[in-house]
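Beneath this line is the structure, given in structure tokens, with notes to follow.
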Amino acid sequence: MVAQTWLEAATYPQAADAQAAVAELKREGFDERDISVLYTDTGHTIQAGLINGAVWGGVLGALVGLLFPPAGLLVTAGPILGVFLSGVGLGAAGAVTVAALDGIISALIHTPRRTGA
């Protein structure tokens, strides 16, 4: 005999609505182990993370800027140098690729053909 499993899903805008639905399921005879609830409160979590990150980023940035003034130059120069070097690297790779293709194509085009001897 094959057992059937039913899955019901619902979304609720407020936590109180979800709690009321769980209470209704219990009154209808569902076992608590058969009920699963997923709850996220992304609005408050994101806001708290933004505030926390802004405060700590500002504090640490101010400390580094005050304690190590030349570090600001290094922090600024790092990304600029990285972009420049990646551009130089890509240019060199492109040049090598084009040179290799040019050699292959010219070898194929300028290969003398032998006619019957």
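By order in the structure tokens, chains are A, B, ...; within a chain, residues start at 1; ligands start at 1, following the order shown.
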
Excluding stretch 15-29 of chain A and any residue of its chain fewer than 6 positions from it, enumerate the residues within 8 Å of it, using only C-alpha atoms, and give them as a PyMOL selection string.
chain A and resi 35+37+39

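One distance worth recording is that between atom CA of A:Thr76 and atom CA of A:Ala62, which is 15.1 Å.
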
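Straight-line separation from atom CA of A:Tyr12 to atom CA of A:Phe30: 19.2 Å.
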
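Pairwise distance (atom CA of A:Thr11, atom CA of A:Ser36) equals 12.2 Å.
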
Using only C-alpha atoms, the best pick from A:Asn52, A:Asp34, A:Val98, A:Leu67 as closest to A:Trp6 would be A:Asp34
